[in-house]
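Colleague: Okay, so here is target.json, and as you'll see once you scroll down, it has JSON, C-alpha atoms and all ligand atoms.
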[["chain", "number", "residue", "atom", "x", "y", "z"],
["E", 53, "MET", "CA", 142.99, -17.78, -6.02],
["E", 54, "PRO", "CA", 145.93, -18.13, -3.67],
["E", 55, "SER", "CA", 146.69, -15.15, -1.48],
["E", 56, "VAL", "CA", 150.11, -13.65, -2.10],
["E", 57, "TRP", "CA", 151.54, -12.24, 1.10],
["E", 58, "GLU", "CA", 154.55, -10.00, 0.78],
["E", 59, "TYR", "CA", 157.05, -9.59, 3.61],
["E", 60, "ARG", "CA", 159.69, -6.91, 4.10],
["E", 61, "GLN", "CA", 161.83, -9.26, 6.18],
["E", 62, "SER", "CA", 162.32, -12.90, 5.27],
["E", 63, "ASP", "CA", 162.58, -13.66, 9.02],
["E", 64, "ASP", "CA", 158.91, -12.68, 9.39],
["E", 65, "LEU", "CA", 158.01, -14.82, 6.38],
["E", 66, "TYR", "CA", 159.64, -17.86, 7.98],
["E", 67, "ALA", "CA", 158.09, -17.12, 11.36],
["E", 68, "ASP", "CA", 154.60, -17.05, 9.82],
["E", 69, "ALA", "CA", 155.22, -20.18, 7.75],
["E", 70, "ALA", "CA", 156.37, -22.01, 10.88],
["E", 71, "GLU", "CA", 153.33, -20.78, 12.76],
["E", 72, "PHE", "CA", 151.02, -22.54, 10.26],
["E", 73, "ALA", "CA", 152.53, -25.84, 11.33],
["E", 74, "VAL", "CA", 152.75, -24.96, 15.02],
["E", 75, "ARG", "CA", 149.08, -23.95, 15.23],
["E", 76, "LEU", "CA", 147.95, -26.99, 13.30],
["E", 77, "LEU", "CA", 149.94, -29.28, 15.60],
["E", 78, "SER", "CA", 148.58, -27.57, 18.70],
["E", 79, "VAL", "CA", 145.04, -28.65, 17.79],
["E", 80, "PHE", "CA", 145.94, -31.78, 15.85],
["E", 81, "PRO", "CA", 149.27, -33.31, 16.96],
["E", 82, "GLU", "CA", 148.90, -36.23, 14.51],
["E", 83, "ALA", "CA", 148.82, -33.88, 11.50],
["E", 84, "SER", "CA", 150.23, -35.05, 8.21],
["E", 85, "ILE", "CA", 152.68, -32.51, 6.83],
["E", 86, "GLY", "CA", 154.14, -32.41, 3.35],
["E", 87, "VAL", "CA", 157.64, -30.98, 3.45],
["E", 88, "ALA", "CA", 160.11, -29.64, 0.91],
["E", 89, "THR", "CA", 163.85, -29.23, 0.68],
["E", 90, "GLY", "CA", 165.96, -26.56, -1.02],
["E", 91, "ASP", "CA", 167.66, -23.41, 0.18],
["E", 92, "THR", "CA", 164.40, -21.54, 0.71],
["E", 93, "GLN", "CA", 163.08, -24.01, 3.27],
["E", 94, "ILE", "CA", 166.13, -23.77, 5.55],
["E", 95, "GLY", "CA", 164.78, -20.63, 7.25],
["E", 96, "LEU", "CA", 161.53, -22.48, 7.96],
["E", 97, "TYR", "CA", 163.35, -25.42, 9.54],
["E", 98, "ASP", "CA", 165.55, -23.07, 11.58],
["E", 99, "ARG", "CA", 162.41, -21.42, 12.88],
["E", 100, "LEU", "CA", 160.61, -24.69, 13.62],
["E", 101, "ALA", "CA", 163.69, -25.94, 15.48],
["E", 102, "ALA", "CA", 163.76, -22.70, 17.50],
["E", 103, "VAL", "CA", 160.07, -22.97, 18.40],
["E", 104, "PHE", "CA", 160.67, -26.60, 19.41],
["E", 105, "GLY", "CA", 163.59, -25.42, 21.58],
["E", 106, "GLU", "CA", 161.23, -23.00, 23.33],
["E", 107, "GLY", "CA", 158.98, -25.94, 24.16],
["E", 108, "ARG", "CA", 156.05, -24.53, 22.14],
["E", 109, "VAL", "CA", 155.60, -27.51, 19.84],
["E", 110, "SER", "CA", 156.18, -31.24, 19.60],
["E", 111, "PHE", "CA", 156.47, -33.10, 16.29],
["E", 112, "ARG", "CA", 156.46, -36.54, 17.88],
["E", 113, "LYS", "CA", 152.98, -37.59, 16.72],
["E", 114, "ALA", "CA", 153.07, -35.80, 13.36],
["E", 115, "ALA", "CA", 153.80, -37.54, 10.06],
["E", 116, "PHE", "CA", 156.15, -35.97, 7.50],
["E", 117, "TYR", "CA", 156.14, -36.69, 3.79],
["E", 118, "ASN", "CA", 158.92, -35.31, 1.63],
["E", 119, "LEU", "CA", 158.23, -34.11, -1.87],
["E", 120, "ASP", "CA", 161.18, -35.69, -3.59],
["E", 121, "GLU", "CA", 164.62, -37.27, -3.61],
["E", 122, "TYR", "CA", 167.40, -37.53, -6.18],
["E", 123, "VAL", "CA", 167.92, -40.83, -7.97],
["E", 124, "GLY", "CA", 171.36, -42.36, -7.54],
["E", 125, "LEU", "CA", 172.49, -40.73, -4.30],
["E", 126, "ASP", "CA", 173.11, -42.73, -1.17],
["E", 127, "LYS", "CA", 170.95, -41.63, 1.77],
["E", 128, "ASP", "CA", 174.11, -40.52, 3.57],
["E", 129, "ASP", "CA", 175.37, -38.47, 0.64],
["E", 130, "PRO", "CA", 175.37, -34.88, 1.97],
["E", 131, "ASN", "CA", 173.52, -33.75, -1.18],
["E", 132, "SER", "CA", 170.73, -36.28, -0.73],
["E", 133, "TYR", "CA", 167.45, -34.94, 0.58],
["E", 134, "HIS", "CA", 167.55, -37.63, 3.28],
["E", 135, "ALA", "CA", 170.72, -36.02, 4.61],
["E", 136, "TYR", "CA", 169.28, -32.52, 4.15],
["E", 137, "MET", "CA", 166.18, -33.37, 6.19],
["E", 138, "ARG", "CA", 168.21, -34.92, 9.01],
["E", 139, "ARG", "CA", 170.61, -31.98, 9.06],
["E", 140, "HIS", "CA", 168.08, -29.17, 8.89],
["E", 141, "PHE", "CA", 165.08, -30.62, 10.67],
["E", 142, "PHE", "CA", 164.57, -34.21, 11.78],
["E", 143, "ASP", "CA", 167.70, -34.42, 13.96],
["E", 144, "ARG", "CA", 166.93, -31.06, 15.61],
["E", 145, "VAL", "CA", 163.42, -31.88, 16.79],
["E", 146, "ASP", "CA", 161.50, -34.82, 18.23],
["E", 147, "ALA", "CA", 160.07, -36.12, 14.93],
["E", 148, "ALA", "CA", 159.50, -39.90, 15.12],
["E", 149, "PRO", "CA", 161.75, -41.60, 12.52],
["E", 150, "GLU", "CA", 159.04, -44.16, 11.72],
["E", 151, "ARG", "CA", 156.71, -41.29, 10.78],
["E", 152, "CYS", "CA", 159.16, -39.50, 8.45],
["E", 153, "PHE", "CA", 158.54, -40.69, 4.90],
["E", 154, "MET", "CA", 160.72, -40.01, 1.87],
["E", 155, "PRO", "CA", 161.15, -41.64, -1.51],
["E", 156, "ASP", "CA", 164.28, -43.77, -1.68],
["E", 157, "GLY", "CA", 166.35, -42.91, -4.74],
["E", 158, "SER", "CA", 169.38, -44.93, -3.72],
["E", 159, "GLY", "CA", 168.29, -48.43, -4.74],
["E", 160, "PRO", "CA", 168.69, -50.27, -8.05],
["E", 161, "ASP", "CA", 165.03, -49.85, -9.06],
["E", 162, "PRO", "CA", 163.81, -46.24, -8.70],
["E", 163, "GLU", "CA", 160.52, -47.03, -10.52],
["E", 164, "ALA", "CA", 159.65, -49.65, -7.90],
["E", 165, "SER", "CA", 160.68, -47.21, -5.19],
["E", 166, "ALA", "CA", 158.33, -44.56, -6.65],
["E", 167, "ARG", "CA", 155.49, -47.10, -6.66],
["E", 168, "ARG", "CA", 156.18, -47.89, -3.00],
["E", 169, "TYR", "CA", 156.16, -44.19, -2.15],
["E", 170, "ALA", "CA", 152.87, -43.75, -4.03],
["E", 171, "LYS", "CA", 151.25, -46.24, -1.64],
["E", 172, "THR", "CA", 152.61, -44.32, 1.35],
["E", 173, "LEU", "CA", 150.95, -41.17, 0.01],
["E", 174, "ALA", "CA", 147.43, -42.62, -0.24],
["E", 175, "ALA", "CA", 145.93, -40.37, 2.46],
["E", 176, "PRO", "CA", 146.14, -36.62, 1.77],
["E", 177, "ARG", "CA", 148.31, -34.22, 3.77],
["E", 178, "ASP", "CA", 146.83, -31.58, 6.09],
["E", 179, "ILE", "CA", 149.37, -29.02, 5.04],
["E", 180, "GLN", "CA", 151.85, -29.03, 2.19],
["E", 181, "PHE", "CA", 154.90, -26.78, 2.24],
["E", 182, "LEU", "CA", 156.37, -25.97, -1.16],
["E", 183, "GLY", "CA", 159.21, -24.09, -2.75],
["E", 184, "ILE", "CA", 159.20, -23.08, -6.39],
["E", 185, "GLY", "CA", 161.80, -23.55, -9.10],
["E", 186, "ALA", "CA", 162.79, -20.56, -11.24],
["E", 187, "ASN", "CA", 161.05, -22.48, -14.05],
["E", 188, "GLY", "CA", 157.81, -22.85, -12.03],
["E", 189, "HIS", "CA", 158.37, -26.45, -10.91],
["E", 190, "ILE", "CA", 156.90, -27.73, -7.65],
["E", 191, "GLY", "CA", 158.46, -30.79, -6.13],
["E", 192, "PHE", "CA", 160.26, -32.01, -9.23],
["E", 193, "ASN", "CA", 157.22, -31.67, -11.45],
["E", 194, "GLU", "CA", 158.96, -29.85, -14.25],
["E", 195, "PRO", "CA", 157.24, -27.75, -16.95],
["E", 196, "ALA", "CA", 155.95, -30.18, -19.59],
["E", 197, "GLY", "CA", 153.13, -30.89, -22.01],
["E", 198, "SER", "CA", 151.37, -32.93, -19.36],
["E", 199, "LEU", "CA", 151.83, -33.59, -15.65],
["E", 200, "THR", "CA", 151.75, -36.83, -13.68],
["E", 201, "LEU", "CA", 149.34, -37.19, -10.76],
["E", 202, "GLY", "CA", 151.11, -39.75, -8.59],
["E", 203, "ALA", "CA", 154.65, -40.33, -7.33],
["E", 204, "HIS", "CA", 156.98, -41.08, -10.22],
["E", 205, "VAL", "CA", 160.51, -40.98, -11.54],
["E", 206, "THR", "CA", 161.19, -37.84, -13.53],
["E", 207, "ALA", "CA", 164.05, -36.39, -15.57],
["E", 208, "LEU", "CA", 165.40, -33.13, -14.19],
["E", 209, "SER", "CA", 165.38, -30.20, -16.60],
["E", 210, "ALA", "CA", 168.63, -28.53, -17.66],
["E", 211, "ARG", "CA", 167.62, -25.42, -15.71],
["E", 212, "THR", "CA", 166.95, -27.39, -12.52],
["E", 213, "ARG", "CA", 170.28, -29.20, -12.84],
["E", 214, "ARG", "CA", 172.08, -25.89, -13.35],
["E", 215, "ALA", "CA", 170.41, -24.50, -10.22],
["E", 216, "ALA", "CA", 171.71, -27.52, -8.27],
["E", 217, "LEU", "CA", 175.29, -26.82, -9.42],
["E", 218, "ARG", "CA", 175.84, -24.63, -6.36],
["E", 219, "HIS", "CA", 175.58, -27.75, -4.22],
["E", 220, "PHE", "CA", 177.28, -30.33, -6.44],
["E", 221, "GLY", "CA", 180.13, -28.19, -7.81],
["E", 222, "LYS", "CA", 180.22, -29.87, -11.24],
["E", 223, "LEU", "CA", 177.34, -30.42, -13.61],
["E", 224, "ASP", "CA", 178.21, -34.06, -14.25],
["E", 225, "ARG", "CA", 177.75, -34.74, -10.53],
["E", 226, "VAL", "CA", 174.18, -33.38, -10.52],
["E", 227, "PRO", "CA", 171.70, -36.27, -10.74],
["E", 228, "ARG", "CA", 169.73, -36.51, -13.97],
["E", 229, "SER", "CA", 166.53, -37.77, -12.39],
["E", 230, "ALA", "CA", 164.55, -37.82, -9.18],
["E", 231, "ILE", "CA", 161.54, -39.44, -7.55],
["E", 232, "THR", "CA", 158.86, -36.86, -6.86],
["E", 233, "MET", "CA", 155.33, -36.65, -5.55],
["E", 234, "GLY", "CA", 153.01, -35.99, -8.48],
["E", 235, "VAL", "CA", 150.78, -32.95, -8.77],
["E", 236, "GLY", "CA", 147.78, -35.02, -7.65],
["E", 237, "ASP", "CA", 149.60, -35.89, -4.41],
["E", 238, "ILE", "CA", 150.58, -32.28, -3.87],
["E", 239, "PHE", "CA", 147.21, -30.71, -4.62],
["E", 240, "SER", "CA", 145.23, -33.19, -2.55],
["E", 241, "SER", "CA", 146.63, -31.49, 0.55],
["E", 242, "ARG", "CA", 143.99, -29.58, 2.53],
["E", 243, "SER", "CA", 146.16, -26.48, 2.61],
["E", 244, "MET", "CA", 149.29, -25.32, 0.84],
["E", 245, "VAL", "CA", 152.00, -22.85, 1.81],
["E", 246, "LEU", "CA", 154.48, -21.94, -0.92],
["E", 247, "LEU", "CA", 157.57, -19.97, 0.05],
["E", 248, "ALA", "CA", 159.55, -17.92, -2.46],
["E", 249, "VAL", "CA", 162.51, -15.73, -1.67],
["E", 250, "GLY", "CA", 164.78, -13.77, -3.99],
["E", 251, "GLU", "CA", 164.73, -12.11, -7.39],
["E", 252, "GLU", "CA", 165.41, -15.35, -9.29],
["E", 253, "LYS", "CA", 161.89, -16.53, -8.34],
["E", 254, "ALA", "CA", 160.08, -13.32, -9.38],
["E", 255, "GLU", "CA", 159.06, -14.45, -12.86],
["E", 256, "ALA", "CA", 157.90, -17.90, -11.75],
["E", 257, "VAL", "CA", 155.85, -16.45, -8.89],
["E", 258, "ALA", "CA", 154.17, -13.91, -11.19],
["E", 259, "ARG", "CA", 153.36, -16.60, -13.78],
["E", 260, "SER", "CA", 151.95, -18.80, -11.03],
["E", 261, "VAL", "CA", 149.45, -16.29, -9.74],
["E", 262, "SER", "CA", 148.55, -14.06, -12.66],
["E", 263, "GLY", "CA", 149.07, -16.08, -15.83],
["E", 264, "SER", "CA", 146.93, -18.89, -17.19],
["E", 265, "VAL", "CA", 146.89, -22.26, -15.46],
["E", 266, "THR", "CA", 149.31, -24.30, -17.52],
["E", 267, "THR", "CA", 151.41, -27.42, -17.28],
["E", 268, "ARG", "CA", 154.25, -25.21, -18.58],
["E", 269, "CYS", "CA", 154.26, -23.63, -15.12],
["E", 270, "PRO", "CA", 153.20, -26.36, -12.66],
["E", 271, "ALA", "CA", 152.92, -23.89, -9.75],
["E", 272, "SER", "CA", 150.14, -22.09, -11.69],
["E", 273, "PHE", "CA", 147.79, -24.90, -10.57],
["E", 274, "LEU", "CA", 147.84, -23.26, -7.15],
["E", 275, "GLN", "CA", 145.25, -20.90, -8.64],
["E", 276, "LEU", "CA", 142.78, -23.79, -8.51],
["E", 277, "HIS", "CA", 143.42, -24.74, -4.88],
["E", 278, "PRO", "CA", 140.84, -23.40, -2.41],
["E", 279, "ASN", "CA", 143.26, -22.99, 0.46],
["E", 280, "ALA", "CA", 146.69, -21.89, -0.71],
["E", 281, "ALA", "CA", 148.97, -19.11, 0.47],
["E", 282, "ILE", "CA", 152.09, -17.86, -1.27],
["E", 283, "LEU", "CA", 154.57, -16.13, 1.01],
["E", 284, "VAL", "CA", 157.13, -13.96, -0.78],
["E", 285, "ASP", "CA", 159.78, -11.42, 0.05],
["E", 286, "GLY", "CA", 159.95, -8.14, -1.91],
["E", 287, "PRO", "CA", 162.29, -9.39, -4.68],
["E", 288, "ALA", "CA", 160.31, -12.62, -5.27],
["E", 289, "GLY", "CA", 157.02, -10.72, -5.32],
["E", 290, "ARG", "CA", 158.27, -7.88, -7.52],
["E", 291, "LEU", "CA", 156.42, -8.90, -10.70],
["E", 292, "VAL", "CA", 153.12, -9.86, -9.03],
["E", 293, "PRO", "CA", 150.43, -7.28, -9.88],
["E", 294, "GLU", "CA", 149.84, -5.01, -6.87],
["E", 295, "ALA", "CA", 146.13, -5.88, -6.84],
["E", 296, "LEU", "CA", 146.95, -9.51, -6.06],
["E", 297, "LYS", "CA", 149.41, -8.76, -3.27],
["E", 298, "ARG", "CA", 148.73, -8.20, 0.38],
["E", 299, "ARG", "CA", 151.20, -6.81, 2.88],
["E", 300, "ALA", "CA", 151.71, -9.43, 5.53],
["E", 301, "ASP", "CA", 151.68, -7.28, 8.70],
["E", 302, "GLY", "CA", 150.93, -10.31, 10.82],
["E", 303, "ARG", "CA", 147.54, -11.01, 9.23],
["E", 304, "VAL", "CA", 148.46, -14.10, 7.30],
["E", 305, "LEU", "CA", 147.41, -16.78, 9.70],
["E", 306, "GLY", "CA", 143.78, -15.71, 9.72],
["E", 307, "ASP", "CA", 143.66, -16.24, 5.99],
["E", 308, "LEU", "CA", 144.48, -19.94, 5.86],
["E", 309, "ARG", "CA", 142.03, -22.21, 7.60],
["W", 1, "LIG", "C1", 162.66, -29.57, -3.16],
["W", 1, "LIG", "C2", 161.67, -29.19, -4.17],
["W", 1, "LIG", "C3", 161.92, -28.10, -5.15],
["W", 1, "LIG", "C4", 162.43, -26.81, -4.49],
["W", 1, "LIG", "C5", 162.67, -25.73, -5.53],
["W", 1, "LIG", "C6", 163.26, -24.47, -4.92],
["W", 1, "LIG", "O1", 162.13, -30.57, -2.30],
["W", 1, "LIG", "O2", 160.67, -29.80, -4.20],
["W", 1, "LIG", "O3", 160.72, -27.84, -5.84],
["W", 1, "LIG", "O4", 161.50, -26.36, -3.55],
["W", 1, "LIG", "O5", 163.54, -26.22, -6.51],
["W", 1, "LIG", "O6", 164.52, -24.73, -4.41],
["W", 1, "LIG", "P1", 165.38, -23.59, -3.71],
["W", 1, "LIG", "O7", 164.65, -23.19, -2.48],
["W", 1, "LIG", "O8", 166.71, -24.23, -3.41],
["W", 1, "LIG", "O9", 165.48, -22.47, -4.69]]
Could you write out this structure as structure tokens?
Modeller:
Amino acid sequence: MPSVWEYRQSDDLYADAAEFAVRLLSVFPEASIGVATGDTQIGLYDRLAAVFGEGRVSFRKAAFYNLDEYVGLDKDDPNSYHAYMRRHFFDRVDAAPERCFMPDGSGPDPEASARRYAKTLAAPRDIQFLGIGANGHIGFNEPAGSLTLGAHVTALSARTRRAALRHFGKLDRVPRSAITMGVGDIFSSRSMVLLAVGEEKAEAVARSVSGSVTTRCPASFLQLHPNAAILVDGPAGRLVPEALKRRADGRVLGDLR
């Protein structure tokens, strides 16, 4: 079962999440880190950039693997995840560009691009950071009758596209598909840290940790991972049964090996 750690302040949540990576890199600078995009992760990247600024960590030898990218956006489009990663993280730290891997959704053949990314993902990550969609998606593995193990092109659900409206302004500008790591790629990581902030995630978080394991809520597979932590603020953790929750109080890091 994943541990669900609840934080009063989201700043503390981000500080602990960053510390997972910082501690790993202090003993293993070449670590392979799966990274996510989305509004929730911005606090993590702000914190990692701050720790880098203090000289406490270097990302130079690490390898980064992004979960996903929209199909049909140029890499320089501000809404692309390539641009997001440069803006929020890669350009603020000393990450080596040749060790930052992302699927390329901009070309004429997204299927071929997904196959290329699948090859890049052959070795498992040491740590995988995740967000969660309000529908329980991880990466862009949307609720479905079955899930795909490897990197693939996927249609975005209506709910996911509506959630992206805040960035694109108009629904017809929101991409209809994306390239995403598959659930096999995600769950092969040695450890997982899922971050969820805000009331809109409460139902998905509760279904992920206390309901049955189901492809209708892809994040529920975290229940099968031996080394997963879910970090939530009060609103996101509101529907999680008290018995499954722990108050963070600075004890989180000891829990994840
Ligand atoms: C993004 C990703 C998605 C997001 C999720 C939450 O790389 O994989 O699963 O983590 O949609 O997004 P926010 O944080 O914007 O609510």
Colleague: Taking 3 positions as the minimum chain separation for residues in the same chain, which residues sit within 9 Å of stretch 272-275 of chain E when counting all atoms listed in the file? Answer as a PDB file with C-alpha atoms, in the frame of the given file.
Modeller:
ATOM      1  CA  MET E  53     142.990 -17.780  -6.020  1.00  0.00           C
ATOM      2  CA  PRO E  54     145.930 -18.130  -3.670  1.00  0.00           C
ATOM      3  CA  GLY E 188     157.810 -22.850 -12.030  1.00  0.00           C
ATOM      4  CA  VAL E 235     150.780 -32.950  -8.770  1.00  0.00           C
ATOM      5  CA  PHE E 239     147.210 -30.710  -4.620  1.00  0.00           C
ATOM      6  CA  MET E 244     149.290 -25.320   0.840  1.00  0.00           C
ATOM      7  CA  ALA E 256     157.900 -17.900 -11.750  1.00  0.00           C
ATOM      8  CA  VAL E 257     155.850 -16.450  -8.890  1.00  0.00           C
ATOM      9  CA  ARG E 259     153.360 -16.600 -13.780  1.00  0.00           C
ATOM     10  CA  SER E 260     151.950 -18.800 -11.030  1.00  0.00           C
ATOM     11  CA  VAL E 261     149.450 -16.290  -9.740  1.00  0.00           C
ATOM     12  CA  SER E 262     148.550 -14.060 -12.660  1.00  0.00           C
ATOM     13  CA  GLY E 263     149.070 -16.080 -15.830  1.00  0.00           C
ATOM     14  CA  SER E 264     146.930 -18.890 -17.190  1.00  0.00           C
ATOM     15  CA  VAL E 265     146.890 -22.260 -15.460  1.00  0.00           C
ATOM     16  CA  THR E 266     149.310 -24.300 -17.520  1.00  0.00           C
ATOM     17  CA  THR E 267     151.410 -27.420 -17.280  1.00  0.00           C
ATOM     18  CA  ARG E 268     154.250 -25.210 -18.580  1.00  0.00           C
ATOM     19  CA  CYS E 269     154.260 -23.630 -15.120  1.00  0.00           C
ATOM     20  CA  PRO E 278     140.840 -23.400  -2.410  1.00  0.00           C
ATOM     21  CA  ASN E 279     143.260 -22.990   0.460  1.00  0.00           C
ATOM     22  CA  ALA E 280     146.690 -21.890  -0.710  1.00  0.00           C
ATOM     23  CA  ALA E 281     148.970 -19.110   0.470  1.00  0.00           C
TER      24      ALA E 281
END
Colleague: Would you list the residues that come within 9 Å of ligand LIG 1 (chain W)? Count only C-alpha atoms and all ligand atoms and give the answer as a ChimeraX atom specification.
Modeller: /E:87-94,118-121,133,181-194,212,215-216,232-233,246-250,252-253
Colleague: Tell me which protein, DNA and RNA residues are within 12 Å of E:Glu163, counting all atoms listed in the file, leaving out same-chain ones fewer than 6 positions away, and put them as a ChimeraX atom specification.
Modeller: /E:123,155-157,169-170,203-206,229-232
Colleague: In terms of the shortest atom-to-atom distance over all atoms listed in the file, which of E:Trp57, E:Phe116, E:Tyr136, E:Tyr66 is closest to E:Glu294?
Modeller: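 Looking only at the distances to E:Glu294, the closest residue turns out to be E:Trp57.
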Colleague: To test the calculation: enclose all listed atoms of stretch 64-78 of chain E in a box whose edges run along x, y and z, add 8 Å on each side, then state centre and edge lengths in Å to one decimal, as lines of an AutoDock Vina configuration file.
Modeller:
center_x = 153.8
center_y = -21.0
center_z = 12.5
size_x = 27.7
size_y = 32.6
size_z = 28.3
Colleague: Between atom CA of E:Ile238 and atom CA of E:Gln61, what distance in Å does the model show, to one decimal?
Modeller: 27.5 Å
Colleague: How many Å separate atom CA of E:Ser132 from atom CA of E:Gly202?
Modeller: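 Atom-to-atom, atom CA of E:Ser132 to atom CA of E:Gly202, that is 21.4 Å.
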Colleague: How many Å lie between atom CA of E:Val109 and atom CA of E:His134, rounded to one decimal?
Modeller: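 Result for atom CA of E:Val109 versus atom CA of E:His134: 22.8 Å, one decimal.
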Colleague: Just checking: using all atoms listed in the file, which residue out of E:Ala102, E:Ala288, E:Leu65, E:Ala114 ends up closest to E:Pro81?
Modeller: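 So, comparing all the options, the nearest one is E:Ala114.
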Colleague: Just want the 9 Å neighbourhood of E:Arg213, counted on only C-alpha atoms, with same-chain residues fewer than 5 positions away dropped. Output as a CSV table (one decimal) with C-alpha atoms, in the frame of the given file.
Modeller:
chain,number,residue,atom,x,y,z
E,208,LEU,CA,165.4,-33.1,-14.2
E,223,LEU,CA,177.3,-30.4,-13.6
E,226,VAL,CA,174.2,-33.4,-10.5
E,227,PRO,CA,171.7,-36.3,-10.7
E,228,ARG,CA,169.7,-36.5,-14.0
Colleague: Place a sphere of radius 7 Å on (158.9, -21.3, 12.0) in the file coordinates and name every protein, DNA or RNA residue with an atom inside or on its surface, counting all atoms listed in the file; give the answer as a list in words.
Modeller: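 Those residues, ordered by chain and then number, are Tyr66, Ala67, Asp68, Ala69, Ala70, Glu71, Leu96, Tyr97, Asp98, Arg99, Leu100 and Val103 of chain E.
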Colleague: May I ask which of the residues E:Ala196, E:Ala174, E:Ala147, E:Leu125 is the closest one to E:Phe220, counting only C-alpha atoms?
Modeller: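 Of all the options, E:Leu125 lies closest to E:Phe220.
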Colleague: Can you tell me, as a PyMOL selection string, which residues sit within 12 Å of (147.4, -33.6, 14.9) in the file's frame, using only C-alpha atoms?
Modeller: chain E and resi 73-85+109-116+177-179
